[in-house]
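Asker: Submitted below is the structure of interest, expressed as structure tokens.
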Amino acid sequence: MKWKQQINGMKAYQPGKPIEEVKKEFGLDEVIKLASNENPYGYSPKVKEFLQSDSTNHAIYPDGYAQSLRTAVANHLGVKESQLLFGNGSDDLIAIVTRALLYPGVNTVMADPSFSQYSHNAEIEGAEVRKVPLTDGKHDLDALLEAIDENTSVVWVCNPNNPTGTIVSDDELQNFLKKVPSEVLVVLDEAYFEYIDAPEYKDTLHYINEYSNVIIMRTFSKAYGLASFRVGYAVAQEEVIAKLDPVRPPFNNTVLSHKVAIIALQDQQFIKECKEKNEIGRKQYVEFCEKHGLKYYPSQTNFILFEVKADSDVVFQEMLKRGFIIRSGNALSSPGFIRVTIGTEEQNSKFLALLEEVLTEQGVFA
Ligand SMILES: *Cc1c(COP(=O)(O)O)cnc(C)c1O
């Protein structure tokens, strides 16, 4: 068959290992997944209540325009309904942007390591991928600017960055946006927006009024705890959304996902509580790293990337045996590091006690 040349040898996304599989493999009763940055507290109790009594008719197609959710998100953000694009998760939005703007002969600029879907989608479309190394775990915006040329179509800024959890400050971003050519689309992927507490970050929404080439992506998968429902949204100027909308698959959310996202959005108290608990959890990891002299990146998310001074794959495997699924840094272009989702206080304590055991076994702690 006449496959696109660029998909030859391409591997499918490697997700975090499923809990059930690990239970079976190691004969464990309990397995905790701290691998995919899901919310350890699940979702709003209001969503739970709704789902228990729900009688949605799943035989009918969803509203492709997501009108009810559109109104709710537009009101929540204070933007026009026509400034929103909904995706089957942000993953879908990344694919839509890529499909609309990337093709052989153009290039796209991104940090490295960053979220793998930017390069993966670009490669499928046959565009050139320009990866700009992070400096000390952070986006090097000057280097990103330098990588842009007349053939650049899209620049990705993962803010906060996955897998390092670091942010681009508002000052840095402001300066960057001023210098990016206006015909280059700047994607601000803010999947962890709800967890940010650093004062250097300021809400970026106003940039879409100032710049016609900025698009912001956010998701219900992380802090809202609705990863399985697959809802993400993008915000930009009307003209940008109007260009992207025909590229979107026609029914890319479900009836039920619209309903739960609206309910989840209304419960900001739940988000606030999760954010506060996450900050406490993050401190547990930071203290562990400081106590043991392990390098870590200052995280503004619900995960943390830190050094283990051992083979990441071995640490991953040893933690798996002990009932914890995490991400090996080897899979994230960060060898010698692991990425761990911040769990509940109890999960974190248990994880860190076991990690101490593993790293002692590995001869890291004398
Ligand atoms: C998790 C994640 C996404 C994708 O989330 P969806 O579940 O597809 O909404 C996008 N970007 C980053 C940086 C992420 O970590």
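Every chain in the structure tokens has a letter given in the order shown (A, B, ...), and although residue numbers restart at 1 in each chain, ligands are simply numbered from 1 in the order shown.
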List all protein, DNA and RNA residues that have at least one atom no more than 9 Å from any atom of ligand 1, counting only C-alpha atoms and all ligand atoms, and write them as a ChimeraX atom specification.

Answerer: /A:36-38,87-94,114-118,158-163,189-192,217-222,226-233

Asker: Using only N, CA and C atoms, please write the residues we just selected to a file, as a compact mmCIF listing (two decimals), in the first residue's frame.

Answerer:
# COMPACT_ATOMS: atom_id res chain seq x y z
N SER A 36 0.50 9.26 34.74
CA SER A 36 -0.12 10.04 33.65
C SER A 36 -0.74 11.35 34.10
N ASN A 37 -0.37 11.78 35.30
CA ASN A 37 -0.78 13.10 35.81
C ASN A 37 -2.29 13.28 35.92
N GLU A 38 -2.95 12.16 36.20
CA GLU A 38 -4.38 12.23 36.46
C GLU A 38 -4.58 12.77 37.88
N GLY A 87 -11.97 19.85 21.59
CA GLY A 87 -11.27 18.67 21.08
C GLY A 87 -11.56 17.45 21.92
N ASN A 88 -11.29 16.29 21.35
CA ASN A 88 -11.36 15.03 22.07
C ASN A 88 -10.08 14.96 22.91
N GLY A 89 -10.06 15.78 23.94
CA GLY A 89 -8.83 16.03 24.68
C GLY A 89 -7.98 17.03 23.92
N SER A 90 -6.97 17.58 24.60
CA SER A 90 -6.05 18.50 23.91
C SER A 90 -5.28 17.77 22.83
N ASP A 91 -5.11 16.48 23.00
CA ASP A 91 -4.41 15.69 21.97
C ASP A 91 -5.05 15.93 20.60
N ASP A 92 -6.36 15.96 20.60
CA ASP A 92 -7.11 16.19 19.36
C ASP A 92 -6.84 17.60 18.83
N LEU A 93 -6.78 18.56 19.74
CA LEU A 93 -6.52 19.95 19.33
C LEU A 93 -5.13 20.08 18.71
N ILE A 94 -4.19 19.36 19.29
CA ILE A 94 -2.81 19.37 18.75
C ILE A 94 -2.84 18.79 17.33
N SER A 114 9.76 18.02 25.62
CA SER A 114 8.46 18.63 25.88
C SER A 114 7.41 17.58 25.55
N PHE A 115 6.18 17.97 25.43
CA PHE A 115 5.10 17.01 25.21
C PHE A 115 5.28 16.34 23.84
N SER A 116 5.30 15.03 23.82
CA SER A 116 5.71 14.30 22.61
C SER A 116 4.74 14.43 21.44
N GLN A 117 3.51 14.78 21.70
CA GLN A 117 2.53 14.83 20.61
C GLN A 117 2.79 15.94 19.59
N TYR A 118 3.52 16.98 20.00
CA TYR A 118 3.80 18.05 19.02
C TYR A 118 4.63 17.49 17.87
N CYS A 158 4.93 24.78 25.81
CA CYS A 158 4.23 23.95 26.78
C CYS A 158 4.43 24.60 28.15
N ASN A 159 3.37 25.21 28.65
CA ASN A 159 3.51 26.07 29.83
C ASN A 159 2.41 25.82 30.85
N PRO A 160 2.73 25.10 31.94
CA PRO A 160 4.02 24.54 32.34
C PRO A 160 4.42 23.37 31.44
N ASN A 161 5.75 23.16 31.39
CA ASN A 161 6.27 22.14 30.48
C ASN A 161 6.14 20.73 31.05
N ASN A 162 5.70 19.84 30.20
CA ASN A 162 5.72 18.42 30.50
C ASN A 162 6.90 17.84 29.72
N PRO A 163 7.90 17.23 30.31
CA PRO A 163 7.94 16.60 31.63
C PRO A 163 8.62 17.36 32.76
N ASP A 189 0.27 25.62 25.31
CA ASP A 189 -0.39 24.42 25.85
C ASP A 189 -0.38 24.52 27.37
N GLU A 190 -1.55 24.80 27.93
CA GLU A 190 -1.65 25.01 29.37
C GLU A 190 -2.44 23.88 30.04
N ALA A 191 -2.05 22.65 29.78
CA ALA A 191 -2.77 21.48 30.31
C ALA A 191 -2.79 21.48 31.85
N TYR A 192 -1.80 22.14 32.46
CA TYR A 192 -1.71 22.14 33.94
C TYR A 192 -2.01 23.51 34.54
N MET A 217 -4.39 26.30 24.74
CA MET A 217 -5.07 25.02 24.90
C MET A 217 -5.14 24.64 26.38
N ARG A 218 -6.33 24.25 26.79
CA ARG A 218 -6.51 23.75 28.17
C ARG A 218 -7.34 22.47 28.12
N THR A 219 -7.39 21.75 29.23
CA THR A 219 -8.04 20.44 29.19
C THR A 219 -8.80 20.12 30.49
N PHE A 220 -9.78 19.25 30.35
CA PHE A 220 -10.49 18.74 31.52
C PHE A 220 -9.85 17.44 32.04
N SER A 221 -8.73 17.04 31.43
CA SER A 221 -8.13 15.74 31.78
C SER A 221 -7.29 15.75 33.05
N LYS A 222 -6.77 16.89 33.43
CA LYS A 222 -5.80 16.89 34.51
C LYS A 222 -6.48 17.32 35.82
N LEU A 226 -11.08 14.44 34.56
CA LEU A 226 -12.00 13.83 33.60
C LEU A 226 -11.26 13.25 32.39
N ALA A 227 -10.08 12.69 32.63
CA ALA A 227 -9.25 12.22 31.50
C ALA A 227 -9.98 11.24 30.59
N SER A 228 -10.79 10.38 31.17
CA SER A 228 -11.45 9.37 30.34
C SER A 228 -12.56 9.96 29.48
N PHE A 229 -13.02 11.17 29.81
CA PHE A 229 -14.10 11.78 29.02
C PHE A 229 -13.59 12.51 27.77
N ARG A 230 -12.29 12.80 27.71
CA ARG A 230 -11.66 13.38 26.53
C ARG A 230 -12.26 14.73 26.11
N VAL A 231 -12.04 15.73 26.94
CA VAL A 231 -12.46 17.07 26.56
C VAL A 231 -11.32 18.07 26.77
N GLY A 232 -10.96 18.74 25.71
CA GLY A 232 -10.01 19.84 25.79
C GLY A 232 -10.57 21.00 25.00
N TYR A 233 -10.06 22.20 25.24
CA TYR A 233 -10.54 23.33 24.43
C TYR A 233 -9.39 24.27 24.10

Asker: Go through segment 175-349 of chain A and collect every residue that DSSP, computed from the backbone, puts in strand (DSSP E); the answer should be as a CSV table (one decimal) with all heavy atoms, in the first residue's frame.

Answerer:
chain,number,residue,atom,x,y,z
A,185,LEU,N,2.0,30.7,14.1
A,185,LEU,CA,1.0,30.5,15.2
A,185,LEU,C,1.8,30.0,16.4
A,185,LEU,O,2.6,29.1,16.4
A,185,LEU,CB,0.0,29.4,14.8
A,185,LEU,CG,-1.0,29.1,15.8
A,185,LEU,CD1,-2.1,30.2,15.9
A,185,LEU,CD2,-1.8,27.8,15.6
A,186,VAL,N,1.5,30.7,17.5
A,186,VAL,CA,2.1,30.3,18.8
A,186,VAL,C,1.1,29.5,19.6
A,186,VAL,O,0.0,30.1,19.9
A,186,VAL,CB,2.6,31.5,19.6
A,186,VAL,CG1,3.2,31.1,20.9
A,186,VAL,CG2,3.6,32.4,18.8
A,187,VAL,N,1.4,28.3,19.9
A,187,VAL,CA,0.4,27.5,20.7
A,187,VAL,C,0.9,27.5,22.2
A,187,VAL,O,2.1,27.1,22.5
A,187,VAL,CB,0.4,26.0,20.3
A,187,VAL,CG1,-0.6,25.2,21.2
A,187,VAL,CG2,0.0,25.9,18.8
A,188,LEU,N,0.1,28.0,23.1
A,188,LEU,CA,0.4,27.9,24.5
A,188,LEU,C,-0.4,26.7,25.1
A,188,LEU,O,-1.6,26.8,25.2
A,188,LEU,CB,0.0,29.2,25.2
A,188,LEU,CG,0.6,30.5,24.6
A,188,LEU,CD1,0.1,31.7,25.4
A,188,LEU,CD2,2.1,30.5,24.7
A,189,ASP,N,0.3,25.6,25.3
A,189,ASP,CA,-0.4,24.4,25.8
A,189,ASP,C,-0.4,24.5,27.4
A,189,ASP,O,0.7,24.4,28.0
A,189,ASP,CB,0.3,23.2,25.4
A,189,ASP,CG,-0.3,21.9,25.9
A,189,ASP,OD1,-1.2,21.9,26.7
A,189,ASP,OD2,0.1,20.8,25.4
A,214,VAL,N,-1.9,33.8,18.4
A,214,VAL,CA,-1.8,33.0,19.7
A,214,VAL,C,-3.0,32.1,19.9
A,214,VAL,O,-4.1,32.6,19.7
A,214,VAL,CB,-1.6,34.0,20.9
A,214,VAL,CG1,-1.6,33.2,22.2
A,214,VAL,CG2,-0.3,34.7,20.8
A,215,ILE,N,-2.8,30.9,20.3
A,215,ILE,CA,-3.9,30.0,20.6
A,215,ILE,C,-3.5,29.3,21.9
A,215,ILE,O,-2.4,28.9,22.1
A,215,ILE,CB,-4.2,29.0,19.5
A,215,ILE,CG1,-5.5,28.2,19.8
A,215,ILE,CG2,-3.0,28.0,19.2
A,215,ILE,CD1,-6.0,27.5,18.5
A,216,ILE,N,-4.5,29.3,22.9
A,216,ILE,CA,-4.2,28.7,24.2
A,216,ILE,C,-5.0,27.4,24.2
A,216,ILE,O,-6.2,27.3,23.8
A,216,ILE,CB,-4.7,29.6,25.3
A,216,ILE,CG1,-3.9,30.9,25.2
A,216,ILE,CG2,-4.6,29.0,26.7
A,216,ILE,CD1,-4.6,32.0,26.1
A,217,MET,N,-4.4,26.3,24.7
A,217,MET,CA,-5.1,25.0,24.9
A,217,MET,C,-5.1,24.6,26.4
A,217,MET,O,-4.1,24.7,27.1
A,217,MET,CB,-4.3,23.9,24.2
A,217,MET,CG,-4.3,24.1,22.7
A,217,MET,SD,-3.4,22.7,21.9
A,217,MET,CE,-3.6,23.2,20.2
A,218,ARG,N,-6.3,24.3,26.8
A,218,ARG,CA,-6.5,23.8,28.2
A,218,ARG,C,-7.3,22.5,28.1
A,218,ARG,O,-7.9,22.2,27.1
A,218,ARG,CB,-7.2,24.8,29.0
A,218,ARG,CG,-6.2,26.0,29.3
A,218,ARG,CD,-6.9,27.1,30.2
A,218,ARG,NE,-6.0,28.3,30.2
A,218,ARG,CZ,-6.3,29.4,30.7
A,218,ARG,NH1,-7.5,29.6,31.2
A,218,ARG,NH2,-5.5,30.5,30.6
A,219,THR,N,-7.4,21.8,29.2
A,219,THR,CA,-8.0,20.4,29.2
A,219,THR,C,-8.8,20.1,30.5
A,219,THR,O,-8.5,20.7,31.5
A,219,THR,CB,-7.0,19.3,28.9
A,219,THR,OG1,-7.6,18.1,28.9
A,219,THR,CG2,-5.9,19.3,30.0
A,232,GLY,N,-11.0,18.7,25.7
A,232,GLY,CA,-10.0,19.8,25.8
A,232,GLY,C,-10.6,21.0,25.0
A,232,GLY,O,-11.5,20.8,24.2
A,233,TYR,N,-10.1,22.2,25.2
A,233,TYR,CA,-10.5,23.3,24.4
A,233,TYR,C,-9.4,24.3,24.1
A,233,TYR,O,-8.4,24.3,24.8
A,233,TYR,CB,-11.7,24.1,25.1
A,233,TYR,CG,-11.3,24.7,26.5
A,233,TYR,CD1,-10.8,26.0,26.6
A,233,TYR,CD2,-11.6,24.0,27.6
A,233,TYR,CE1,-10.5,26.5,27.8
A,233,TYR,CE2,-11.3,24.5,28.9
A,233,TYR,CZ,-10.7,25.8,28.9
A,233,TYR,OH,-10.4,26.3,30.2
A,234,ALA,N,-9.6,25.0,23.0
A,234,ALA,CA,-8.6,26.0,22.6
A,234,ALA,C,-9.3,27.3,22.5
A,234,ALA,O,-10.5,27.4,22.2
A,234,ALA,CB,-8.0,25.6,21.2
A,235,VAL,N,-8.6,28.4,22.8
A,235,VAL,CA,-9.1,29.7,22.8
A,235,VAL,C,-8.2,30.6,21.9
A,235,VAL,O,-6.9,30.5,22.0
A,235,VAL,CB,-9.1,30.4,24.2
A,235,VAL,CG1,-10.1,31.6,24.2
A,235,VAL,CG2,-9.4,29.4,25.3
A,303,PHE,N,2.9,17.0,38.8
A,303,PHE,CA,4.0,15.9,38.7
A,303,PHE,C,5.3,16.6,38.9
A,303,PHE,O,5.4,17.8,39.0
A,303,PHE,CB,3.9,15.3,37.3
A,303,PHE,CG,4.2,16.3,36.1
A,303,PHE,CD1,5.5,16.7,35.8
A,303,PHE,CD2,3.1,16.8,35.4
A,303,PHE,CE1,5.7,17.6,34.8
A,303,PHE,CE2,3.4,17.7,34.4
A,303,PHE,CZ,4.7,18.1,34.1
A,304,ILE,N,6.3,15.8,39.1
A,304,ILE,CA,7.7,16.3,39.3
A,304,ILE,C,8.7,15.4,38.7
A,304,ILE,O,8.5,14.2,38.7
A,304,ILE,CB,7.9,16.5,40.9
A,304,ILE,CG1,9.3,17.2,41.1
A,304,ILE,CG2,7.8,15.2,41.7
A,304,ILE,CD1,9.5,17.8,42.5
A,305,LEU,N,9.7,16.0,38.0
A,305,LEU,CA,10.7,15.2,37.4
A,305,LEU,C,12.0,15.4,38.3
A,305,LEU,O,12.4,16.5,38.5
A,305,LEU,CB,11.0,15.8,36.0
A,305,LEU,CG,12.0,15.1,35.1
A,305,LEU,CD1,11.6,13.7,34.6
A,305,LEU,CD2,12.4,15.9,33.9
A,306,PHE,N,12.5,14.3,38.8
A,306,PHE,CA,13.7,14.4,39.6
A,306,PHE,C,14.7,13.3,39.4
A,306,PHE,O,14.3,12.2,38.8
A,306,PHE,CB,13.3,14.5,41.1
A,306,PHE,CG,12.6,13.4,41.7
A,306,PHE,CD1,13.3,12.4,42.4
A,306,PHE,CD2,11.2,13.3,41.6
A,306,PHE,CE1,12.6,11.3,43.0
A,306,PHE,CE2,10.5,12.2,42.1
A,306,PHE,CZ,11.2,11.2,42.9
A,307,GLU,N,15.9,13.6,39.8
A,307,GLU,CA,17.0,12.7,39.6
A,307,GLU,C,17.0,11.5,40.5
A,307,GLU,O,16.6,11.6,41.7
A,307,GLU,CB,18.3,13.5,39.8
A,307,GLU,CG,19.6,12.9,39.5
A,307,GLU,CD,20.7,13.8,40.0
A,307,GLU,OE1,20.5,14.5,41.1
A,307,GLU,OE2,21.8,13.8,39.4
A,324,PHE,N,3.8,0.6,42.3
A,324,PHE,CA,3.7,2.0,41.8
A,324,PHE,C,4.1,2.2,40.3
A,324,PHE,O,5.2,1.7,40.0
A,324,PHE,CB,4.6,3.0,42.6
A,324,PHE,CG,4.0,3.4,43.9
A,324,PHE,CD1,4.2,2.6,45.1
A,324,PHE,CD2,3.1,4.4,44.0
A,324,PHE,CE1,3.6,3.0,46.3
A,324,PHE,CE2,2.5,4.8,45.2
A,324,PHE,CZ,2.8,4.1,46.4
A,325,ILE,N,3.2,2.7,39.6
A,325,ILE,CA,3.5,3.0,38.2
A,325,ILE,C,3.9,4.4,38.0
A,325,ILE,O,3.2,5.3,38.4
A,325,ILE,CB,2.3,2.7,37.2
A,325,ILE,CG1,1.6,1.4,37.6
A,325,ILE,CG2,2.7,2.7,35.8
A,325,ILE,CD1,0.3,1.2,36.8
A,327,ARG,N,6.8,7.1,35.5
A,327,ARG,CA,7.4,7.2,34.2
A,327,ARG,C,9.0,7.3,34.3
A,327,ARG,O,9.5,8.0,35.1
A,327,ARG,CB,7.0,8.5,33.5
A,327,ARG,CG,5.6,8.4,32.8
A,327,ARG,CD,5.7,7.3,31.7
A,327,ARG,NE,4.5,7.1,31.1
A,327,ARG,CZ,4.2,7.5,29.8
A,327,ARG,NH1,5.1,8.1,29.1
A,327,ARG,NH2,3.1,7.2,29.2
A,328,SER,N,9.6,6.4,33.5
A,328,SER,CA,11.0,6.4,33.5
A,328,SER,C,11.5,7.6,32.7
A,328,SER,O,10.9,7.9,31.6
A,328,SER,CB,11.5,5.1,32.8
A,328,SER,OG,12.9,5.3,32.4
A,337,PHE,N,16.5,10.3,35.4
A,337,PHE,CA,15.4,11.0,36.2
A,337,PHE,C,14.1,10.1,36.1
A,337,PHE,O,14.0,9.2,35.3
A,337,PHE,CB,15.0,12.3,35.5
A,337,PHE,CG,16.0,13.4,35.8
A,337,PHE,CD1,17.3,13.3,35.2
A,337,PHE,CD2,15.7,14.5,36.6
A,337,PHE,CE1,18.3,14.4,35.5
A,337,PHE,CE2,16.6,15.5,36.8
A,337,PHE,CZ,17.9,15.4,36.3
A,338,ILE,N,13.2,10.4,37.0
A,338,ILE,CA,11.9,9.8,36.9
A,338,ILE,C,10.8,10.9,37.0
A,338,ILE,O,11.1,11.9,37.6
A,338,ILE,CB,11.6,8.7,38.0
A,338,ILE,CG1,11.8,9.3,39.4
A,338,ILE,CG2,12.4,7.5,37.8
A,338,ILE,CD1,11.4,8.3,40.6
A,339,ARG,N,9.7,10.7,36.3
A,339,ARG,CA,8.6,11.6,36.5
A,339,ARG,C,7.5,11.0,37.3
A,339,ARG,O,7.0,9.9,36.9
A,339,ARG,CB,8.1,12.1,35.1
A,339,ARG,CG,7.1,13.3,35.2
A,339,ARG,CD,6.4,13.5,33.9
A,339,ARG,NE,5.4,12.5,33.8
A,339,ARG,CZ,4.7,12.3,32.6
A,339,ARG,NH1,4.9,13.1,31.6
A,339,ARG,NH2,3.8,11.3,32.6
A,340,VAL,N,7.1,11.6,38.3
A,340,VAL,CA,6.1,11.0,39.2
A,340,VAL,C,4.9,12.0,39.4
A,340,VAL,O,5.1,13.2,39.6
A,340,VAL,CB,6.7,10.8,40.6
A,340,VAL,CG1,5.7,10.1,41.6
A,340,VAL,CG2,8.0,9.9,40.5
A,341,THR,N,3.7,11.5,39.2
A,341,THR,CA,2.5,12.3,39.4
A,341,THR,C,2.3,12.5,40.9
A,341,THR,O,2.5,11.5,41.7
A,341,THR,CB,1.3,11.6,38.9
A,341,THR,OG1,1.5,11.4,37.5
A,341,THR,CG2,0.0,12.4,39.1

Asker: Might you pull out every residue within 12 Å of Leu102 of chain A, with only C-alpha atoms counted and same-chain residues fewer than 4 positions away left off, and present them as a count of residues only?

Answerer: 28

Asker: Using only C-alpha atoms, can you tell me which of A:Gln52, A:Lys202, A:Cys289, A:Lys272 comes closest to Glu356 of chain A?

Answerer: A:Cys289

Asker: Please measure the separation of atom CA of Lys131 of chain A and atom CA of Ala111 of chain A, giving the value in Å to one decimal.

Answerer: 5.5 Å

Asker: Rank nothing, just name the residue among A:Ser299, A:Ile263, A:Val308, A:Glu345 nearest to Glu49 of chain A, using only C-alpha atoms.

Answerer: A:Ile263

Asker: Which one is closest to Glu172 of chain A: A:Trp3, A:Tyr201, A:Tyr195, A:Phe270? Count only C-alpha atoms.

Answerer: A:Tyr201

Asker: Write out as a list in words which residues come within 12 Å of Val79 of chain A when counting only C-alpha atoms, dropping same-chain ones fewer than 6 positions away.

Answerer: Arg70, Thr71, Ala72, Val73, Leu85, Leu205, His206, Ile208, Asn209, Ala234, Val235, Ala236, Gln237 and Glu238 of chain A

Asker: Next, dump the selected residues to file, keeping only C-alpha atoms, as a PDB file, in the first residue's frame.

Answerer:
ATOM      1  CA  ARG A  70     -19.339  26.214  24.635  1.00  0.00           C
ATOM      2  CA  THR A  71     -21.633  28.598  26.478  1.00  0.00           C
ATOM      3  CA  ALA A  72     -20.370  27.375  29.855  1.00  0.00           C
ATOM      4  CA  VAL A  73     -16.681  27.711  28.962  1.00  0.00           C
ATOM      5  CA  LEU A  85     -12.624  25.076  19.668  1.00  0.00           C
ATOM      6  CA  LEU A 205      -6.024  34.907  28.043  1.00  0.00           C
ATOM      7  CA  HIS A 206      -5.559  38.592  27.235  1.00  0.00           C
ATOM      8  CA  ILE A 208      -5.423  36.346  22.351  1.00  0.00           C
ATOM      9  CA  ASN A 209      -6.848  39.850  22.061  1.00  0.00           C
ATOM     10  CA  ALA A 234      -8.593  25.970  22.577  1.00  0.00           C
ATOM     11  CA  VAL A 235      -9.081  29.727  22.759  1.00  0.00           C
ATOM     12  CA  ALA A 236      -7.985  32.151  20.050  1.00  0.00           C
ATOM     13  CA  GLN A 237      -9.305  34.962  17.883  1.00  0.00           C
ATOM     14  CA  GLU A 238     -12.468  34.138  15.979  1.00  0.00           C
TER      15      GLU A 238
END

Asker: Run DSSP on the backbone and grab whatever in segment 107-333 of chain A lands in alpha helix (DSSP H); send it over as a PyMOL selection string.

Answerer: chain A and resi 116-124+141-147+170-179+207-210+238-244+255-266+268-292+312-321

Asker: Those selected residues, please, written with C-alpha atoms and delivered as a CSV table (one decimal), in the first residue's frame.

Answerer:
chain,number,residue,atom,x,y,z
A,116,SER,CA,5.7,14.3,22.6
A,117,GLN,CA,2.5,14.8,20.6
A,118,TYR,CA,3.8,18.0,19.0
A,119,SER,CA,6.6,16.3,17.2
A,120,HIS,CA,4.7,13.1,16.6
A,121,ASN,CA,1.8,14.8,14.8
A,122,ALA,CA,4.3,17.0,12.8
A,123,GLU,CA,6.2,14.0,11.7
A,124,ILE,CA,3.0,12.4,10.4
A,141,LEU,CA,12.7,31.4,24.4
A,142,ASP,CA,15.6,33.2,22.7
A,143,ALA,CA,16.7,29.9,21.1
A,144,LEU,CA,13.2,29.2,20.1
A,145,LEU,CA,13.0,32.6,18.4
A,146,GLU,CA,16.3,31.9,16.6
A,147,ALA,CA,15.0,28.6,15.3
A,170,ASP,CA,4.8,36.4,32.0
A,171,ASP,CA,7.7,38.8,31.3
A,172,GLU,CA,9.5,36.2,29.2
A,173,LEU,CA,6.3,35.3,27.3
A,174,GLN,CA,5.5,39.0,26.7
A,175,ASN,CA,8.9,39.6,25.2
A,176,PHE,CA,8.7,36.4,23.1
A,177,LEU,CA,5.3,37.1,21.6
A,178,LYS,CA,6.4,40.6,20.6
A,179,LYS,CA,9.2,39.1,18.5
A,207,TYR,CA,-2.8,37.7,24.7
A,208,ILE,CA,-5.4,36.3,22.4
A,209,ASN,CA,-6.8,39.8,22.1
A,210,GLU,CA,-3.4,41.4,21.5
A,238,GLU,CA,-12.5,34.1,16.0
A,239,GLU,CA,-10.7,34.1,12.6
A,240,VAL,CA,-8.2,31.4,13.8
A,241,ILE,CA,-11.0,29.2,15.3
A,242,ALA,CA,-13.0,29.6,12.1
A,243,LYS,CA,-10.0,28.3,10.1
A,244,LEU,CA,-9.4,25.3,12.4
A,255,VAL,CA,-23.0,13.8,24.8
A,256,LEU,CA,-21.9,12.6,28.3
A,257,SER,CA,-18.6,14.4,28.1
A,258,HIS,CA,-20.3,17.7,27.4
A,259,LYS,CA,-22.5,17.2,30.4
A,260,VAL,CA,-19.8,16.2,32.9
A,261,ALA,CA,-17.5,19.0,31.8
A,262,ILE,CA,-20.2,21.6,32.4
A,263,ILE,CA,-20.8,20.3,35.9
A,264,ALA,CA,-17.1,20.0,36.7
A,265,LEU,CA,-16.5,23.6,35.5
A,266,GLN,CA,-19.2,24.8,38.0
A,268,GLN,CA,-14.4,25.6,41.2
A,269,GLN,CA,-14.2,24.8,45.0
A,270,PHE,CA,-13.1,21.2,44.1
A,271,ILE,CA,-10.3,22.6,41.8
A,272,LYS,CA,-9.2,24.9,44.5
A,273,GLU,CA,-9.0,22.1,47.1
A,274,CYS,CA,-7.1,19.8,44.7
A,275,LYS,CA,-4.6,22.6,43.9
A,276,GLU,CA,-4.0,23.1,47.6
A,277,LYS,CA,-3.5,19.4,48.3
A,278,ASN,CA,-1.2,19.2,45.3
A,279,GLU,CA,1.0,21.9,46.7
A,280,ILE,CA,1.4,20.0,49.9
A,281,GLY,CA,2.2,16.9,48.0
A,282,ARG,CA,4.7,18.6,45.8
A,283,LYS,CA,6.6,19.7,49.0
A,284,GLN,CA,6.9,16.0,50.1
A,285,TYR,CA,8.9,15.3,46.9
A,286,VAL,CA,10.9,18.5,47.1
A,287,GLU,CA,11.9,17.7,50.7
A,288,PHE,CA,12.9,14.2,49.7
A,289,CYS,CA,15.0,15.5,46.9
A,290,GLU,CA,16.7,18.1,49.1
A,291,LYS,CA,17.3,15.6,51.9
A,292,HIS,CA,19.0,13.2,49.5
A,312,SER,CA,15.7,5.2,35.4
A,313,ASP,CA,14.3,2.0,33.8
A,314,VAL,CA,15.6,-0.1,36.8
A,315,VAL,CA,14.0,2.3,39.3
A,316,PHE,CA,10.8,2.2,37.2
A,317,GLN,CA,10.8,-1.6,37.2
A,318,GLU,CA,11.6,-1.8,41.0
A,319,MET,CA,8.8,0.6,41.8
A,320,LEU,CA,6.4,-1.4,39.6
A,321,LYS,CA,7.1,-4.5,41.6

Asker: Quick one: residues within 12 Å of Tyr61 of chain A, only C-alpha atoms counted, chain neighbours fewer than 4 positions away excluded, as a ChimeraX atom specification?

Answerer: /A:56-57,65-66,250-256
